[in-house]
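This is work-v6.csv (CSV, C-alpha atoms and all ligand atoms).
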chain,number,residue,atom,x,y,z
A,524,MET,CA,-8.3,9.5,35.0
A,525,ILE,CA,-8.9,6.6,32.8
A,526,ASP,CA,-5.7,5.3,31.1
A,527,LYS,CA,-5.7,5.3,27.3
A,528,ILE,CA,-5.6,1.9,25.7
A,529,SER,CA,-1.9,1.2,24.7
A,530,ASP,CA,-2.3,-2.1,22.9
A,531,VAL,CA,-4.9,-4.1,21.1
A,532,THR,CA,-5.1,-7.6,19.6
A,533,ALA,CA,-7.3,-8.4,16.6
A,534,PHE,CA,-8.1,-11.6,14.8
A,535,ALA,CA,-8.3,-11.6,11.0
A,536,PRO,CA,-10.2,-14.5,9.6
A,537,ALA,CA,-9.6,-15.9,6.1
A,538,LYS,CA,-12.4,-15.6,3.5
A,539,ILE,CA,-13.7,-18.0,1.0
A,540,ASN,CA,-15.9,-17.2,-2.0
A,541,LEU,CA,-18.6,-19.9,-2.0
A,542,PHE,CA,-19.2,-18.8,-5.6
A,543,LEU,CA,-17.7,-16.1,-7.8
A,544,HIS,CA,-19.6,-15.1,-10.9
A,545,ILE,CA,-18.1,-12.5,-13.2
A,546,THR,CA,-20.9,-10.4,-14.5
A,547,GLY,CA,-19.1,-7.6,-16.4
A,548,ARG,CA,-16.1,-5.4,-16.7
A,549,ARG,CA,-15.8,-1.7,-15.8
A,550,HIS,CA,-14.2,0.9,-18.0
A,551,ASP,CA,-11.1,0.9,-15.7
A,552,GLY,CA,-10.6,-2.8,-16.3
A,553,TYR,CA,-11.9,-4.0,-12.9
A,554,HIS,CA,-14.4,-6.9,-13.1
A,555,LEU,CA,-17.9,-6.9,-11.7
A,556,LEU,CA,-18.7,-9.8,-9.4
A,557,ASP,CA,-21.6,-11.6,-7.8
A,558,SER,CA,-20.1,-13.5,-4.9
A,559,LEU,CA,-20.9,-14.9,-1.5
A,560,PHE,CA,-18.2,-14.5,1.1
A,561,VAL,CA,-18.0,-16.7,4.2
A,562,PHE,CA,-15.2,-16.6,6.8
A,563,PRO,CA,-13.5,-19.9,8.0
A,564,ALA,CA,-12.2,-19.9,11.5
A,565,LEU,CA,-8.6,-19.7,10.3
A,566,TYR,CA,-7.1,-16.4,11.6
A,567,ASP,CA,-4.1,-14.2,11.3
A,568,ARG,CA,-3.4,-12.5,14.6
A,569,LEU,CA,-2.5,-8.8,14.8
A,570,GLU,CA,-1.1,-7.1,17.9
A,571,ILE,CA,-0.7,-3.4,17.8
A,572,SER,CA,1.1,-1.4,20.5
A,573,ALA,CA,1.5,2.3,20.8
A,574,LEU,CA,5.1,3.5,21.0
A,575,GLY,CA,4.4,7.3,21.4
A,576,ARG,CA,2.1,10.0,20.1
A,577,GLU,CA,4.6,12.8,19.5
A,578,ALA,CA,3.6,14.9,16.5
A,579,GLY,CA,5.5,14.0,13.3
A,580,GLU,CA,6.7,10.7,14.8
A,581,ASN,CA,4.7,8.5,12.6
A,582,HIS,CA,6.6,5.3,12.5
A,583,VAL,CA,5.0,1.8,12.1
A,584,ARG,CA,7.3,-1.1,12.9
A,585,LEU,CA,6.1,-4.5,11.6
A,586,ARG,CA,7.3,-7.9,12.7
A,587,ILE,CA,5.8,-10.9,10.8
A,588,GLU,CA,5.9,-14.3,12.4
A,589,GLY,CA,4.0,-17.6,12.1
A,590,PRO,CA,3.8,-20.4,9.6
A,591,MET,CA,3.1,-18.2,6.5
A,592,ALA,CA,5.6,-15.4,7.4
A,593,GLN,CA,8.2,-16.6,5.0
A,594,ALA,CA,6.0,-15.8,2.0
A,595,LEU,CA,6.1,-12.1,2.9
A,596,ALA,CA,9.9,-12.0,3.7
A,597,GLY,CA,10.9,-10.1,0.5
A,598,GLU,CA,8.0,-7.5,0.7
A,599,ALA,CA,9.0,-3.9,1.3
A,600,ASP,CA,7.4,-2.4,4.4
A,601,GLN,CA,5.6,0.3,2.5
A,602,ASP,CA,3.8,-2.3,0.4
A,603,ASN,CA,2.5,-4.2,3.4
A,604,LEU,CA,-1.3,-3.8,3.6
A,605,VAL,CA,-1.2,-3.6,7.4
A,606,ILE,CA,1.2,-0.6,7.4
A,607,ARG,CA,-0.7,1.0,4.5
A,608,SER,CA,-4.0,0.6,6.4
A,609,ILE,CA,-2.6,2.2,9.6
A,610,ARG,CA,-1.0,5.1,7.6
A,611,ARG,CA,-4.2,5.6,5.6
A,612,LEU,CA,-6.3,5.8,8.7
A,613,GLN,CA,-3.8,8.1,10.5
A,614,ASP,CA,-3.9,10.5,7.5
A,615,HIS,CA,-7.7,10.4,7.4
A,616,LEU,CA,-8.2,11.1,11.1
A,617,GLY,CA,-5.1,13.3,11.5
A,618,ILE,CA,-3.7,11.1,14.2
A,619,ASN,CA,0.0,11.0,15.0
A,620,GLY,CA,1.8,8.3,16.7
A,621,SER,CA,4.2,5.4,16.3
A,622,TYR,CA,3.2,1.8,16.5
A,623,ASP,CA,4.8,-1.6,16.9
A,624,VAL,CA,2.8,-4.3,15.0
A,625,ARG,CA,3.2,-8.0,15.4
A,626,LEU,CA,1.5,-10.1,12.7
A,627,ILE,CA,1.2,-13.8,13.2
A,628,LYS,CA,0.6,-15.1,9.7
A,629,ASN,CA,-1.4,-18.3,9.5
A,630,ILE,CA,-3.4,-17.6,6.3
A,631,PRO,CA,-1.6,-18.5,3.0
A,632,VAL,CA,-0.4,-15.5,1.0
A,633,ALA,CA,-1.6,-14.7,-2.5
A,634,ALA,CA,-3.9,-17.7,-2.3
A,635,GLY,CA,-7.5,-16.5,-2.9
A,636,VAL,CA,-8.4,-16.6,0.8
A,637,GLY,CA,-8.1,-12.9,1.5
A,638,GLY,CA,-5.1,-13.0,3.8
A,639,GLY,CA,-3.8,-9.5,3.0
A,640,SER,CA,-7.4,-8.1,2.8
A,641,ALA,CA,-8.3,-9.7,6.2
A,642,ASP,CA,-5.2,-8.2,7.8
A,643,ALA,CA,-6.0,-4.7,6.3
A,644,ALA,CA,-9.6,-4.9,7.6
A,645,ALA,CA,-8.4,-6.0,11.0
A,646,ALA,CA,-5.8,-3.3,11.2
A,647,LEU,CA,-8.4,-0.6,10.5
A,648,LEU,CA,-10.8,-1.9,13.2
A,649,ALA,CA,-8.0,-2.5,15.7
A,650,CYS,CA,-6.6,1.1,15.3
A,651,LEU,CA,-10.1,2.6,15.8
A,652,LYS,CA,-10.3,0.6,19.0
A,653,LEU,CA,-6.8,1.7,20.0
A,654,TRP,CA,-7.5,5.3,19.4
A,655,GLU,CA,-11.1,5.0,20.9
A,656,HIS,CA,-12.3,6.6,17.7
A,657,SER,CA,-15.4,5.8,15.6
A,658,ILE,CA,-16.1,6.8,12.1
A,659,ALA,CA,-19.2,6.6,9.9
A,660,ALA,CA,-19.7,3.2,8.2
A,661,ASP,CA,-19.5,4.7,4.7
A,662,GLU,CA,-16.2,6.5,5.5
A,663,LEU,CA,-14.7,3.2,6.8
A,664,GLN,CA,-16.0,1.4,3.7
A,665,ALA,CA,-14.4,4.0,1.4
A,666,LEU,CA,-11.0,3.7,3.2
A,667,ALA,CA,-11.2,0.0,3.0
A,668,GLN,CA,-12.0,0.0,-0.7
A,669,GLY,CA,-9.0,2.2,-1.4
A,670,LEU,CA,-6.8,-0.6,0.1
A,671,GLY,CA,-8.2,-3.4,-2.1
A,672,ALA,CA,-11.4,-4.7,-3.6
A,673,ASP,CA,-11.7,-7.5,-1.0
A,674,VAL,CA,-11.1,-5.3,2.1
A,675,PRO,CA,-14.7,-4.0,2.6
A,676,PRO,CA,-16.3,-7.5,2.8
A,677,CYS,CA,-13.5,-8.6,5.2
A,678,LEU,CA,-14.6,-5.9,7.6
A,679,GLN,CA,-17.8,-8.0,8.2
A,680,ASN,CA,-16.5,-11.4,9.3
A,681,ARG,CA,-19.9,-12.9,8.7
A,682,PRO,CA,-21.6,-14.2,5.5
A,683,VAL,CA,-22.1,-11.4,3.0
A,684,ARG,CA,-23.3,-11.2,-0.6
A,685,VAL,CA,-21.0,-9.0,-2.6
A,686,ALA,CA,-21.6,-7.2,-5.9
A,687,GLY,CA,-19.9,-4.5,-8.0
A,688,ILE,CA,-16.1,-4.9,-7.5
A,689,GLY,CA,-16.6,-5.6,-3.8
A,690,GLU,CA,-18.2,-2.3,-2.6
A,691,GLN,CA,-21.8,-3.5,-2.7
A,692,ILE,CA,-22.2,-5.6,0.4
A,693,SER,CA,-25.3,-7.1,1.9
A,694,PRO,CA,-25.8,-9.4,5.0
A,695,ALA,CA,-26.5,-13.0,3.9
A,696,GLY,CA,-27.7,-14.6,7.1
A,697,GLU,CA,-26.1,-16.9,9.6
A,698,ALA,CA,-22.9,-19.0,9.0
A,699,PRO,CA,-24.0,-22.6,8.6
A,700,PRO,CA,-22.5,-25.3,10.9
A,701,TRP,CA,-20.5,-26.7,8.0
A,702,GLY,CA,-17.1,-28.3,8.2
A,703,VAL,CA,-14.6,-26.8,5.8
A,704,ILE,CA,-11.3,-28.0,4.4
A,705,LEU,CA,-9.0,-25.4,2.8
A,706,ALA,CA,-6.1,-26.7,0.8
A,707,ASN,CA,-3.6,-25.3,-1.7
A,708,PRO,CA,-0.7,-26.6,-3.7
A,709,ARG,CA,1.7,-24.1,-2.2
A,710,CYS,CA,2.2,-22.0,-5.3
A,711,PRO,CA,1.2,-18.3,-5.0
A,712,VAL,CA,-1.1,-17.2,-7.8
A,713,PRO,CA,-1.2,-13.4,-8.2
A,714,THR,CA,-4.8,-12.0,-8.5
A,715,PRO,CA,-4.0,-9.6,-11.4
A,716,ASP,CA,-2.5,-12.5,-13.5
A,717,VAL,CA,-5.7,-14.6,-13.1
A,718,PHE,CA,-8.0,-11.7,-14.1
A,719,LEU,CA,-5.7,-11.0,-17.1
A,720,ALA,CA,-5.9,-14.7,-18.2
A,721,TYR,CA,-9.7,-14.6,-17.7
A,722,LYS,CA,-9.9,-11.5,-19.8
A,723,GLN,CA,-7.7,-12.9,-22.6
A,724,ALA,CA,-9.9,-16.0,-22.8
A,725,ALA,CA,-12.7,-13.6,-23.7
A,726,GLY,CA,-15.6,-15.8,-22.6
A,727,ALA,CA,-19.2,-14.7,-22.0
A,728,PHE,CA,-20.0,-13.0,-18.6
A,729,SER,CA,-22.2,-14.9,-16.2
A,730,PRO,CA,-25.6,-13.6,-15.0
A,731,ALA,CA,-25.8,-12.5,-11.4
A,732,LEU,CA,-27.8,-14.9,-9.3
A,733,PRO,CA,-31.2,-13.7,-8.0
A,734,ALA,CA,-31.6,-12.0,-4.6
A,735,GLY,CA,-32.6,-14.2,-1.7
A,736,ILE,CA,-30.9,-17.3,-2.9
A,737,GLU,CA,-30.8,-20.5,-0.7
A,738,TRP,CA,-27.0,-20.5,-0.6
A,739,GLN,CA,-27.0,-22.6,2.7
A,740,ASP,CA,-28.4,-25.5,0.6
A,741,LEU,CA,-25.2,-27.3,-0.5
A,742,ASP,CA,-26.9,-29.1,-3.4
A,743,TRP,CA,-28.2,-25.8,-4.7
A,744,LEU,CA,-24.8,-24.2,-4.3
A,745,ALA,CA,-23.1,-27.0,-6.2
A,746,ARG,CA,-25.7,-27.1,-9.0
A,747,GLU,CA,-26.4,-23.4,-9.6
A,748,SER,CA,-23.1,-21.6,-8.9
A,749,ARG,CA,-19.4,-21.8,-9.8
A,750,ASN,CA,-16.2,-19.9,-9.7
A,751,ASP,CA,-15.7,-18.2,-13.1
A,752,LEU,CA,-11.9,-17.7,-12.5
A,753,TYR,CA,-11.3,-21.4,-12.2
A,754,ALA,CA,-10.1,-22.1,-15.8
A,755,ALA,CA,-7.9,-19.0,-15.8
A,756,ALA,CA,-6.2,-20.0,-12.5
A,757,CYS,CA,-5.8,-23.6,-13.6
A,758,GLY,CA,-4.0,-22.4,-16.7
A,759,ILE,CA,-1.4,-20.6,-14.4
A,760,ALA,CA,-1.3,-23.4,-11.8
A,761,PRO,CA,-2.5,-26.7,-13.2
A,762,ALA,CA,-2.1,-28.4,-9.7
A,763,ILE,CA,-5.4,-26.7,-8.8
A,764,GLY,CA,-7.2,-29.3,-11.0
A,765,ASP,CA,-5.5,-32.2,-9.1
A,766,LEU,CA,-6.4,-30.5,-5.8
A,767,ILE,CA,-10.1,-30.1,-6.7
A,768,ALA,CA,-10.2,-33.8,-7.8
A,769,ALA,CA,-8.7,-34.9,-4.5
A,770,LEU,CA,-11.0,-32.8,-2.4
A,771,ALA,CA,-14.2,-33.9,-4.3
A,772,THR,CA,-13.5,-37.5,-3.6
A,773,LEU,CA,-13.0,-37.2,0.1
A,774,PRO,CA,-15.6,-39.0,2.2
A,775,GLY,CA,-18.5,-36.6,3.1
A,776,ALA,CA,-17.4,-33.8,0.7
A,777,ARG,CA,-20.5,-32.1,-0.6
A,778,LEU,CA,-18.8,-29.5,-2.8
A,779,ALA,CA,-15.2,-28.8,-3.8
A,780,ARG,CA,-14.4,-25.5,-5.4
A,781,MET,CA,-11.6,-22.9,-5.8
A,782,SER,CA,-11.8,-19.7,-3.7
A,783,GLY,CA,-11.3,-16.3,-5.2
A,784,SER,CA,-8.5,-16.2,-7.8
A,785,GLY,CA,-6.9,-19.4,-6.3
A,786,ALA,CA,-4.9,-21.3,-5.7
A,787,THR,CA,-6.6,-22.3,-2.5
A,788,CYS,CA,-9.6,-24.6,-2.9
A,789,PHE,CA,-12.2,-25.6,-0.3
A,790,ALA,CA,-14.4,-28.6,0.4
A,791,LEU,CA,-17.6,-28.3,2.4
A,792,PHE,CA,-19.0,-31.0,4.8
A,793,ASP,CA,-22.2,-31.2,6.8
A,794,ASP,CA,-20.2,-30.8,10.0
A,795,VAL,CA,-16.7,-30.0,11.4
A,796,ALA,CA,-16.0,-33.6,12.6
A,797,GLN,CA,-16.3,-34.9,9.0
A,798,ALA,CA,-14.0,-32.2,7.7
A,799,LEU,CA,-11.3,-33.0,10.3
A,800,LEU,CA,-11.4,-36.7,9.5
A,801,ALA,CA,-11.3,-36.0,5.7
A,802,ARG,CA,-8.3,-33.7,6.2
A,803,GLU,CA,-6.3,-36.6,7.7
A,804,ILE,CA,-7.0,-38.6,4.6
A,805,LEU,CA,-6.0,-35.7,2.4
A,806,GLN,CA,-2.8,-35.2,4.3
A,807,ALA,CA,-1.8,-38.9,4.1
A,808,LYS,CA,-2.5,-38.8,0.3
A,809,ALA,CA,-0.8,-35.5,-0.6
A,810,PRO,CA,1.5,-34.4,2.3
A,811,GLN,CA,3.0,-31.8,0.0
A,812,TRP,CA,-0.1,-29.6,0.0
A,813,TRP,CA,-0.9,-27.1,2.7
A,814,SER,CA,-4.3,-27.8,4.3
A,815,TRP,CA,-6.5,-26.7,7.2
A,816,ALA,CA,-9.9,-28.0,8.5
A,817,GLY,CA,-12.4,-26.4,10.9
A,818,GLY,CA,-15.7,-24.5,10.8
A,819,LEU,CA,-16.9,-21.0,9.8
A,820,CYS,CA,-16.7,-18.0,12.2
A,821,ASP,CA,-19.5,-15.5,12.7
A,822,ASP,CA,-19.6,-12.1,14.3
A,823,ARG,CA,-20.0,-13.4,17.8
A,824,GLY,CA,-16.4,-12.8,18.5
A,825,ASP,CA,-15.8,-16.5,17.9
A,826,HIS,CA,-12.0,-16.7,17.7
A,827,PRO,CA,-9.1,-18.5,19.4
B,901,LIG,O1,-8.0,-4.7,-5.6
B,901,LIG,P1,-7.0,-5.8,-5.6
B,901,LIG,O2,-5.6,-5.4,-5.2
B,901,LIG,O3,-7.5,-7.0,-4.8
B,901,LIG,O4,-7.0,-6.4,-7.1
B,901,LIG,C1,-5.8,-6.8,-7.7
B,901,LIG,C2,-6.0,-6.8,-9.2
B,901,LIG,O5,-6.9,-7.8,-9.6
B,901,LIG,C3,-6.5,-5.5,-9.8
B,901,LIG,O6,-5.5,-4.6,-10.1
B,901,LIG,C4,-7.2,-6.0,-11.1
B,901,LIG,O7,-6.3,-6.2,-12.1
B,901,LIG,C5,-7.7,-7.3,-10.7
B,901,LIG,N1,-9.1,-7.3,-10.2
B,901,LIG,C6,-10.2,-7.2,-11.2
B,901,LIG,N2,-11.5,-7.1,-10.7
B,901,LIG,C7,-11.8,-7.2,-9.4
B,901,LIG,C8,-10.7,-7.3,-8.5
B,901,LIG,C9,-9.4,-7.4,-8.9
B,901,LIG,O8,-9.9,-7.1,-12.4
B,901,LIG,N3,-13.0,-7.2,-9.0

Represent the supplied structure as structure tokens.
Ligand code: C5P
Amino acid sequence: MIDKISDVTAFAPAKINLFLHITGRRHDGYHLLDSLFVFPALYDRLEISALGREAGENHVRLRIEGPMAQALAGEADQDNLVIRSIRRLQDHLGINGSYDVRLIKNIPVAAGVGGGSADAAAALLACLKLWEHSIAADELQALAQGLGADVPPCLQNRPVRVAGIGEQISPAGEAPPWGVILANPRCPVPTPDVFLAYKQAAGAFSPALPAGIEWQDLDWLARESRNDLYAAACGIAPAIGDLIAALATLPGARLARMSGSGATCFALFDDVAQALLAREILQAKAPQWWSWAGGLCDDRGDHP
């Protein structure tokens, strides 16, 4: 008899929005986007162990550790996206069981780099592996969408073009060999607040970019695209403006921009070595900011 898998480890990469155009607003208030998601090789780590499968004994115990754990210290268990993801999948598949989850939190929280969404996507995929279960792609997508607008793209871990509110996803080719710096001023900026500020500013919507864009061309990206939430996020956390200015003047930086609803910003370099060097300069200049440097991950299981 083959033993059932009793534990599984998953890596949840952060996401960055290379651009984020807001193209409209739905009747329910959600904003329609045109965005390009890529996934830097900065990971949360998720370890899920089965404690028992007795019917009715559905208990998920979560321990959060790592450099960003403190930011989640006050959060109620039932609000945590990892627990909600596991419960949602259990309900959907009619699977009973209790689980111990260890989450090593390396991705900043409420920071525009998809930390919670990445963990949710990784939890769904990890549980399917643990239960040796597969479900149709559209079912998984619907479950993911119910957990948050950014969760479906985070199931991909490779460059994707995203439209609608995050449910229309298409592959966007290979991850370029760019170097990336991520940095933030250590102030959480809640996504709903930024969208509200954007709405209250009542600016014109942006057009979606054409299909088949040359987004791997950094000059094109800098010239033709932007993040439409930047002004709204800066109004909430003015330090974002200082951060962008600092990133843009680092040697070798080809583009500096905010990701998602902020406050994390990124700078792109032709290669990883330049990003690592530039991060040292940034750290010396502004040690109060959180920062990370590395490359992009792809779907080749490229993780620590
Ligand atoms: O779905 P998620 O929890 O990521 O979104 C948080 C909030 O951000 C939503 O309740 C909504 O106010 C706003 N939002 C939006 N349009 C989107 C995504 C999020 O207005 N496309």

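Ranking A:Asp557, A:Asp602, A:Glu662, A:Asp673 by their shortest atom-to-atom distance to ligand LIG 901 (chain B), with all atoms listed in the file included, puts A:Asp673 first.
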
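Restricting the calculation to all atoms listed in the file, the smallest distance between ligand LIG 901 (chain B) and any of A:Lys538, A:His544, A:Arg709, A:His554 is found for A:His554.
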
Of the residues A:Val561, A:Ala667, A:Leu616, A:Ala594, which is the one nearest to ligand LIG 901 (chain B), using all atoms listed in the file? A:Ala667

Quick one: everything within 8 Å of A:Asn540, counting only C-alpha atoms, minus sequence neighbours fewer than 5 positions away in the same chain. Send it as a ChimeraX atom specification. /A:558-561,782-783

Next, write the just-selected residues to a file, as a CSV table (one decimal), keeping the file's coordinate frame, keeping C-alpha atoms as the atom set.
chain,number,residue,atom,x,y,z
A,558,SER,CA,-20.1,-13.5,-4.9
A,559,LEU,CA,-20.9,-14.9,-1.5
A,560,PHE,CA,-18.2,-14.5,1.1
A,561,VAL,CA,-18.0,-16.7,4.2
A,782,SER,CA,-11.8,-19.7,-3.7
A,783,GLY,CA,-11.3,-16.3,-5.2

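The environment of A:Met591 within 6 Å, counting all atoms listed in the file and disregarding residues fewer than 2 places along the same chain, consists of A:Gly589, A:Gln593, A:Ala594, A:Lys628, A:Asn629, A:Pro631.
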
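Counting from atom CA of A:Tyr721, the distance to atom CA of A:Leu752 is 6.4 Å.
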
Residues near stretch 753-759 of chain A, cut-off 7 Å, all atoms listed in the file, skip fewer than 4 positions along chain, as a ChimeraX atom specification: /A:717,720-721,763-764,781,784-785

Please give me, as a short mmCIF file (atom, residue, chain, number, x, y, z; two decimals) with C-alpha atoms, in the coordinates of the input, the residues lying within 6 Å of ligand LIG 901 (chain B) when counting all atoms listed in the file.
data_model
loop_
_atom_site.label_atom_id
_atom_site.label_comp_id
_atom_site.auth_asym_id
_atom_site.auth_seq_id
_atom_site.Cartn_x
_atom_site.Cartn_y
_atom_site.Cartn_z
CA GLY A 552 -10.60 -2.80 -16.30
CA TYR A 553 -11.90 -4.00 -12.90
CA HIS A 554 -14.40 -6.90 -13.10
CA LEU A 555 -17.90 -6.90 -11.70
CA GLY A 671 -8.20 -3.40 -2.10
CA ALA A 672 -11.40 -4.70 -3.60
CA ASP A 673 -11.70 -7.50 -1.00
CA ILE A 688 -16.10 -4.90 -7.50
CA THR A 714 -4.80 -12.00 -8.50
CA PRO A 715 -4.00 -9.60 -11.40
CA PHE A 718 -8.00 -11.70 -14.10
#

Which of these, A:Ala809, A:Ala727, A:Ile736, A:Ala564, has the shortest distance to A:Gly696 once you count all atoms listed in the file? A:Ile736

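In this comparison, which uses all atoms listed in the file, the residue of A:Asn603, A:Ala535, A:Arg777, A:Leu791 approaching A:Cys677 most closely is A:Ala535.
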
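Atom CA of A:Val636 sits 11.3 Å away from atom CA of A:Pro711.
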
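Atom CA of A:Gly638 is positioned 26.3 Å from atom CA of A:Leu732.
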
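Nearest to A:Cys650 of all the residues A:Glu690, A:Glu570, A:Glu598, A:Asp742 is A:Glu570, counting only C-alpha atoms.
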
Quick one: residues within 12 Å of A:Phe789, all atoms listed in the file, excluding same-chain residues fewer than 5 positions away - as a compact mmCIF listing (two decimals) with C-alpha atoms, in the frame of the given file?
# COMPACT_ATOMS: atom_id res chain seq x y z
CA ALA A 537 -9.60 -15.90 6.10
CA LYS A 538 -12.40 -15.60 3.50
CA ILE A 539 -13.70 -18.00 1.00
CA ASN A 540 -15.90 -17.20 -2.00
CA LEU A 541 -18.60 -19.90 -2.00
CA PHE A 542 -19.20 -18.80 -5.60
CA VAL A 561 -18.00 -16.70 4.20
CA PHE A 562 -15.20 -16.60 6.80
CA PRO A 563 -13.50 -19.90 8.00
CA ALA A 634 -3.90 -17.70 -2.30
CA GLY A 635 -7.50 -16.50 -2.90
CA VAL A 636 -8.40 -16.60 0.80
CA TRP A 701 -20.50 -26.70 8.00
CA GLY A 702 -17.10 -28.30 8.20
CA VAL A 703 -14.60 -26.80 5.80
CA ILE A 704 -11.30 -28.00 4.40
CA LEU A 705 -9.00 -25.40 2.80
CA ALA A 706 -6.10 -26.70 0.80
CA ASN A 707 -3.60 -25.30 -1.70
CA ASN A 750 -16.20 -19.90 -9.70
CA ILE A 763 -5.40 -26.70 -8.80
CA LEU A 766 -6.40 -30.50 -5.80
CA ILE A 767 -10.10 -30.10 -6.70
CA ALA A 768 -10.20 -33.80 -7.80
CA ALA A 769 -8.70 -34.90 -4.50
CA LEU A 770 -11.00 -32.80 -2.40
CA ALA A 771 -14.20 -33.90 -4.30
CA LEU A 773 -13.00 -37.20 0.10
CA ALA A 776 -17.40 -33.80 0.70
CA ARG A 777 -20.50 -32.10 -0.60
CA LEU A 778 -18.80 -29.50 -2.80
CA ALA A 779 -15.20 -28.80 -3.80
CA ARG A 780 -14.40 -25.50 -5.40
CA MET A 781 -11.60 -22.90 -5.80
CA SER A 782 -11.80 -19.70 -3.70
CA GLY A 783 -11.30 -16.30 -5.20
CA ALA A 798 -14.00 -32.20 7.70
CA ARG A 802 -8.30 -33.70 6.20
CA TRP A 813 -0.90 -27.10 2.70
CA SER A 814 -4.30 -27.80 4.30
CA TRP A 815 -6.50 -26.70 7.20
CA ALA A 816 -9.90 -28.00 8.50
CA GLY A 817 -12.40 -26.40 10.90
CA GLY A 818 -15.70 -24.50 10.80
